[in-house]
Number of protein chains: 2
Amino acid sequence: MTQVKDHFMKMRPINLKNVKLDDAFWNPWQKLVKEAIIPYQWDALNDRIPGAEPSRTIQNFEIAAGKSSGTHYGMVFQDSDLYKWMETVAYSLANQRDEKWEKIFDDVVALIEEAQENDGYLNTYFSVNHPDQKWTNLKNDHELYCAGHLIEAAVAYYEATGKKRIIDVVSRLVDHIQTVLGDKQGKKRGYPGHPEIELALMKLYKVTGESKYMNLCQFFIEERGKRNPVHYYDLELEDRGGPKRSDDREYDYYQAHLPVREQKTVEGHAVRATYLYSGMIDLASELQDDELLEVCKTLWENTVNKRMYVTGGIGSSAHEERFTVDYDLPNDRAYTETCAAIALIMWAHRMVQVEGDSQYTDVLERALYNGALSGISLDGKGYFYVNPLEVWPHTANYRHDMKTVKPTRQQWFGCACCPPNIARLLASLGQYIYSANESEIYVHLFIGGETSFSIDSEEVQLTQTSNYPWDGEVQFTVSLKNATTFMFATRIPGWCKQAAITVNGEKVSYQVEKGYAKINRKWKDGDQIQLRLDMPVEVVRAHPEVRENAGKVALQRGPLVYCIEEVDNGRNLHAIQLPASQTFDVLFDETLLNGVSAIHGKAVKTDLSKIENSLYATDSYPEKDIKIKAIPYYAWCNRGENEMMVWIREK
Amino acid sequence: MTQVKDHFMKMRPINLKNVKLDDAFWNPWQKLVKEAIIPYQWDALNDRIPGAEPSRTIQNFEIAAGKSSGTHYGMVFQDSDLYKWMETVAYSLANQRDEKWEKIFDDVVALIEEAQENDGYLNTYFSVNHPDQKWTNLKNDHELYCAGHLIEAAVAYYEATGKKRIIDVVSRLVDHIQTVLGDKQGKKRGYPGHPEIELALMKLYKVTGESKYMNLCQFFIEERGKRNPVHYYDLELEDRGGPKRSDDREYDYYQAHLPVREQKTVEGHAVRATYLYSGMIDLASELQDDELLEVCKTLWENTVNKRMYVTGGIGSSAHEERFTVDYDLPNDRAYTETCAAIALIMWAHRMVQVEGDSQYTDVLERALYNGALSGISLDGKGYFYVNPLEVWPHTANYRHDMKTVKPTRQQWFGCACCPPNIARLLASLGQYIYSANESEIYVHLFIGGETSFSIDSEEVQLTQTSNYPWDGEVQFTVSLKNATTFMFATRIPGWCKQAAITVNGEKVSYQVEKGYAKINRKWKDGDQIQLRLDMPVEVVRAHPEVRENAGKVALQRGPLVYCIEEVDNGRNLHAIQLPASQTFDVLFDETLLNGVSAIHGKAVKTDLSKIENSLYATDSYPEKDIKIKAIPYYAWCNRGENEMMVWIREK
């Protein structure tokens with residue numbers, strides 16, 4: 001590698017194995033992943049959940065392995081449900097080894113090995129149902145997408161356990177892919193309709209050191225959207241003998257409307273887009289490619305300044321699960337797929353490593369505590385695929401143009417991408433908290449626990465404790481043998497208007513660079529750093545071009561976006577108006593929604609008891625003073641079907 | 001007929017031939033119908049409009065008549081486009097005979113005669129393409145719907161010209177229908193999936209006096225939604241040998257979910273529903289059927305108190321062009337088909353004859369001046385099928401869930417039901433203005449011109465002059481030979497809070513009954529009645545359950561609902577807030593939109609020039625004072641694609 005440019009590779013995430021969580025907010029979720037979600041989803045993959053939609057995922061592998069008979073059931077990407085679950089298990093094992101689940105995992109690896117064909121090909125849909133159609137429809141058929149998820153699971157399991165058998169499976173698979181696809185004579189110049197393998201190949205490259213994986217990633221990224229002179233998706237269509245499939249979309253759905261270096265706006269399917277951009281920033285970082293980095297930054301700015309919900313949700317259209325146009329962010333028809341919020345977290349996590357700028361972490365935290373976490377119920381057994389910011393069951397249950405909005409959480413989905421995706425996010429949470437380099441440690445998120453890292457061969461242990469996100473007092477304790485100089489950098493969140501830091505009880509001077517407060521000193525064992533982040537209730541307004549939020553405000557406190565629910569505030573939430581200038585009360589209620597701080601305030605509401613039948617009138621409607629109670633958005637719809645609203649009319 | 005119950009048949013509309021319009025507002029529209037729309041639509045039916053979607057309607061008849069070869073093109077109800085155009089021509093001829101168009105009409109009748117089969121069957125789609133499938137799918141195939149429109153055209157032409165040839169065509173057709181459908185042994189107990197023939201049969205009954213037509217109407221209405229014990233739509237499905245067609249809907253789409261006497265809410269396809277209810281009230285009135293009248297009133301109340309836009313538009317869902325649930329009235333995804341507003345006018349017109357209550361006329365007027373008239377451009381050459389109350393082209397052109405919302409008017413439609421429907425409404429406008437009975441004359445609408453009627457064998461002529469809807473001064477002049485006593489009843493519109501009446505310049509005492517001011521006296525020749533309706537700008541609010549309009553107001557003046565357009569008020573209309581308490585200026589501008597009174601007022605708007613890039617912020621946004629200019633809703637989108645909004649945020 002050539003000399004490191006100073007604007008690249010500022011830091012690397014501290015590996016999951018070196019981060020132990022111990023946090024009042026997140027412990028229950030991690031416990032849920034281990035004790036409820038992993039077993040529940042394993043049952044789902046084995047079709048042992050009464051009343052849930054069929055999965056048949058394990059059965060598909062058994063058929064492919066010749067251990068069972070029948071045809072493949074489900075989506076063309078059904079295999080990936082297993083792979084995402086495996087990745088979750090792997091992260092969970094990195095957190096804490098567990099003999100039982102390791103055994104199950106190894107059995108699954110053995111099953112996958114058996115389902116893999118002799119030439120390395122691996123995809124149960126095609127092996128079982130359409131062996132003659134392999135690699136003929138990269139645009140729609142998800143073979144590379146599934147491979148990507150298996151690679152991610154393999155890398156995670158290898159890192160957690162050191163076991164290499166699954167790495168061998170994916171090596172054979174990728175070697176096979178390279179016999180079919182690539183820029184060499186006689187190969188297809190194809191790339192995935194659903195990006196994912198790009199970022200997975202970068203992981204495989206990093207863990208194996210084999211540049212062939214990065215090269216394949218690079219090929220997929222650079223080939224995307226090119227005309228040579230014919231677009232690859234038209235070439236393969238012609239090879240299949242057309243006609244065009246009825247579900248074919250425009251190129252922009254696949255982010256293949258232009259070569260990626262010419263793209264300036266985020267387009268198409270939101271998950272595909274953000275997986276692609278994650279792979280792009282990985283590649284840009286590794287190659288120190290300034291131009292590709294600039295592309296990523298331009299796409300990022302378009303996302304967060306024009307096309308992102310306040311919850312960190314992205315993709316405002318149910319049709320094609322996609323981005324639409326700038327500032328088009330309807331609340332009641334928000335699509336904001338759980339997977340898309342997770343993908344945004346993944347992209348943000350990569351951007352901050354390169355840029356060292358907390359604007360990325362701010363978005364990561366926003367999506368994590370709101371738009372992603374809302375995708376799972378407090379008991380881990382109910383999911384949202386779609387995360388609207390406003391729901392009226394009365395209408396959502398009836399209107400066809402709201403049919404993707406579910407007012408109750410679902411057990412499982414025919415297209416079950418989201419439940420395992422949120423599980424793997426929760427299980428891998430540790431990797432998002434810290435980064436380090438030769439001389440610096442960065443704190444991105446305020447999640448209690450321990451981490452360890454090396455500075456000048458000195459092992460440093462850092463313990464973080466806090467009651468976050470319920471208050472903004474965070475304490476760090478340094479443990480090390482020999483006093484060592486390094487830079488301690490902690491993020492000052494964008495939502496925080498006033499912060500203070502003391503070391504061992506004394507005020508210290510520090511400078512804030514790109515949102516990180518940095519203290520460079522010789523740290524000695526037992527040093528304590530106290531971070532105080534002021535965390536009042538904030539009244540948030542959306543840019544005036546967001547037509548759906550004109551005249552409305554949202555409540556936010558710390559990283560949490562709040563919502564009001566019918567169960568607390570009565571029906572017809574639209575009749576409520578909230579004065580922005582007031583002192584809100586924040587009360588932690590341990591009996592409410594597994595323990596949350598609710599926001600209590602004053603509001604007025606149209607007095608429905610005094611309204612006549614008439615649909616239109618020239619009189620003003622009577623109002624009454626009410627109290628409102630807002631709960632964190634992530635916890636909505638854990639008390640049955642009811643109205644919910646994030647953006648409230650301002651009085 | 002048995003003794004007339006006093007709550008039935010209060011009045012009958014004065015026939016079109018006895019009403020001559022002479023009105024500054026409506027003259028141009030009537031001229032447009034005669035000079036532009038009728039020729040334009042005739043060209044469209046003959047496929048002579050460059051760039052417009054194909055019609056092939058005349059060609060279909062020529063093929064059916066054996067005068068041309070080929071297959072039928074277009075919708076299964078394509079014939080009705082011709083029939084609605086014919087009805088328009090007939091009304092136009094009732095207004096003023098015209099040799100050229102009478103000749104064309106007669107030629108069309110001859111062509112239809114030739115297309116009619118020997119047994120009376122008439123429908124070019126089935127005659128040409130599927131002769132074996134006649135009457136096998138009443139649920140979806142529109143044969144009775146087309147017959148209904150031909151009957152309406154026939155009655156209108158007969159009334160206009162006295163020519164009976166077309167009545168013979170429809171008599172043969174209805175006789176044929178009665179050989180196939182009915183409650184007699186061996187006949188199918190079927191009824192139309194798209195109601196329309198019911199009201200048409202009542203017209204045919206009234207003009208011919210033959211009760212067999214009313215009886216068939218009664219059969220269709222009473223049979224609807226029954227289980228005998230099997231629902232007819234399932235029976236005919238079974239006869240066709242299933243399987244269920246993919247476009248099959250639930251019964252409520254067809255208003256066939258329950259026997260009509262058990263229906264309490266307006267459901268399903270809005271045009272089908274209101275055509276059915278029009279037929280039901282015709283039948284209830286003729287049979288003096290109290291129960292059926294009550295059903296109509298219950299359905300009416302549900303419509304106007306729960307499911308109608310302020311423009312008189314109905315049907316809030318593009319999916320299935322249907323009613324949804326109470327208070328679900330989104331502005332940006334309003335469907336509010338032009339045909340549905342017209343059908344509401346037809347239903348209201350029938351209700352007021354029976355009930356003598358101006359609440360029906362108020363809705364009729366609301367739909368006429370707003371949601372129906374908005375369906376046609378000022379030059380008569382551009383149409384809206386869908387009439388939203390809010391349009392942002394930026395989003396509507398992009399979002400899939402707004403794909404039916406067109407930000408520009410269309411030349412013609414593949415499903416071209418609306419253009420000829422609005423043409424027939426405009427041509428027949430005269431019939432909606434007055435009603436009479438033995439001793440009373442009712443004025444429903446304030447449209448200048450003359451009418452004549454008889455009281456006690458005395459011919460009375462009434463001349464109305466006004467500048468309505470631009471002001472509320474209306475004058476009536478009575479002409480008659482011998483002074484005669486009768487009740488002059490004029491509607492005091494629901495929108496009017498203060499009205500005054502003088503006769504020959506002197507105040508008179510009158511009582512208002514069900515919204516009609518009634519003056520009973522011996523009228524002499526030259527008597528002048530002056531009606532003064534106060535017509536200030538009214539600020540209208542929607543019932544608080546209409547979630548989409550919470551915190552918003554609409555401007556109305558007289559019968560006209562107003563809107564603001566981008567061309568007058570700049571982009572991002574959502575950034576505007578309107579103080580309700582202000583004195584608006586109303587200025588008639590003869591150069592604007594063929595001459596309209598615009599409403600001018602003060603408002604504030606978020607100052608977009610001072611807004612930073614950030615999507616979410618905790619600061620308030622700067623505002624600036626602006627002037628706004630509102631135009632009548634019916635005239636929107638006559639100055640190119642631009643934003644439009646009826647419901648404005650209240651300051």
# chains A, B, ... in the order shown; residues from 1 in each chain; ligands from 1
call {"tool": "closest_atom_pairs", "arguments": {"of": "chain B", "to": "chain A", "cutoff": "7 Å", "atoms": "only C-alpha atoms", "output": "CSV"}}
result
residue,atom,partner,partner_atom,distance
B:Asn305,CA,A:Leu615,CA,5.0
B:Lys306,CA,A:Leu615,CA,6.4
B:His319,CA,A:His400,CA,6.2
B:Thr324,CA,A:Arg399,CA,6.8
B:Asp328,CA,A:Thr395,CA,6.7
B:Thr395,CA,A:Asp328,CA,6.7
B:Tyr398,CA,A:Thr324,CA,6.9
B:Arg399,CA,A:Thr324,CA,6.8
B:His400,CA,A:His319,CA,6.2
B:Asp401,CA,A:Asp401,CA,5.7
B:Glu538,CA,A:Thr618,CA,6.6
B:Val539,CA,A:Thr618,CA,5.7
B:Val540,CA,A:Thr618,CA,4.5
B:Arg541,CA,A:Ala617,CA,5.4
B:Ala542,CA,A:Tyr616,CA,4.6
B:His543,CA,A:Leu615,CA,5.0
B:Pro544,CA,A:Ala575,CA,6.4
B:Glu545,CA,A:Asn572,CA,6.9
B:Arg547,CA,A:His574,CA,5.8
B:Ala550,CA,A:His574,CA,6.3
B:Asn572,CA,A:Glu545,CA,6.8
B:His574,CA,A:Arg547,CA,5.8
B:Ala575,CA,A:Pro544,CA,6.4
B:Asn613,CA,A:Asn305,CA,6.5
B:Ser614,CA,A:Asn305,CA,5.6
B:Leu615,CA,A:His543,CA,5.0
B:Tyr616,CA,A:Ala542,CA,4.6
B:Ala617,CA,A:Arg541,CA,5.4
B:Thr618,CA,A:Val540,CA,4.5
call {"tool": "residues_around", "arguments": {"residues": "region 435-447 of chain A", "least_positions_apart": "6", "cutoff": "8 Å", "atoms": "only C-alpha atoms", "output": "ChimeraX atom specification"}}
result
/A:10-14,21-23,26,353,358,361,365,453-456,464-466,468-469,474,485-491
call {"tool": "residues_around", "arguments": {"residues": "Glu223 (chain B)", "least_positions_apart": "5", "cutoff": "9 Å", "atoms": "only C-alpha atoms", "output": "ChimeraX atom specification"}}
result
/B:183,189-191,218,232,259-260
call {"tool": "atom_distance", "arguments": {"atom1": "CA of Ile564 (chain B)", "atom2": "CA of Gln359 (chain B)"}}
result
27.4 Å
call {"tool": "residues_around", "arguments": {"residues": "Met346 (chain A)", "least_positions_apart": "6", "cutoff": "10 Å", "atoms": "only C-alpha atoms", "output": "list in words"}}
result
Leu199, Thr274, Tyr275, Tyr277, Ser278, Gly279, Ala340, Leu364, Leu425 and Tyr432 of chain A
call {"tool": "select_by_dssp", "arguments": {"residues": "region 157-346 of chain A", "states": "alpha helix (DSSP H)", "output": "VMD selection string"}}
result
chain A and resid 157 to 161 165 to 180 197 to 208 211 to 223 232 to 239 270 to 287 290 to 306 338 to 346
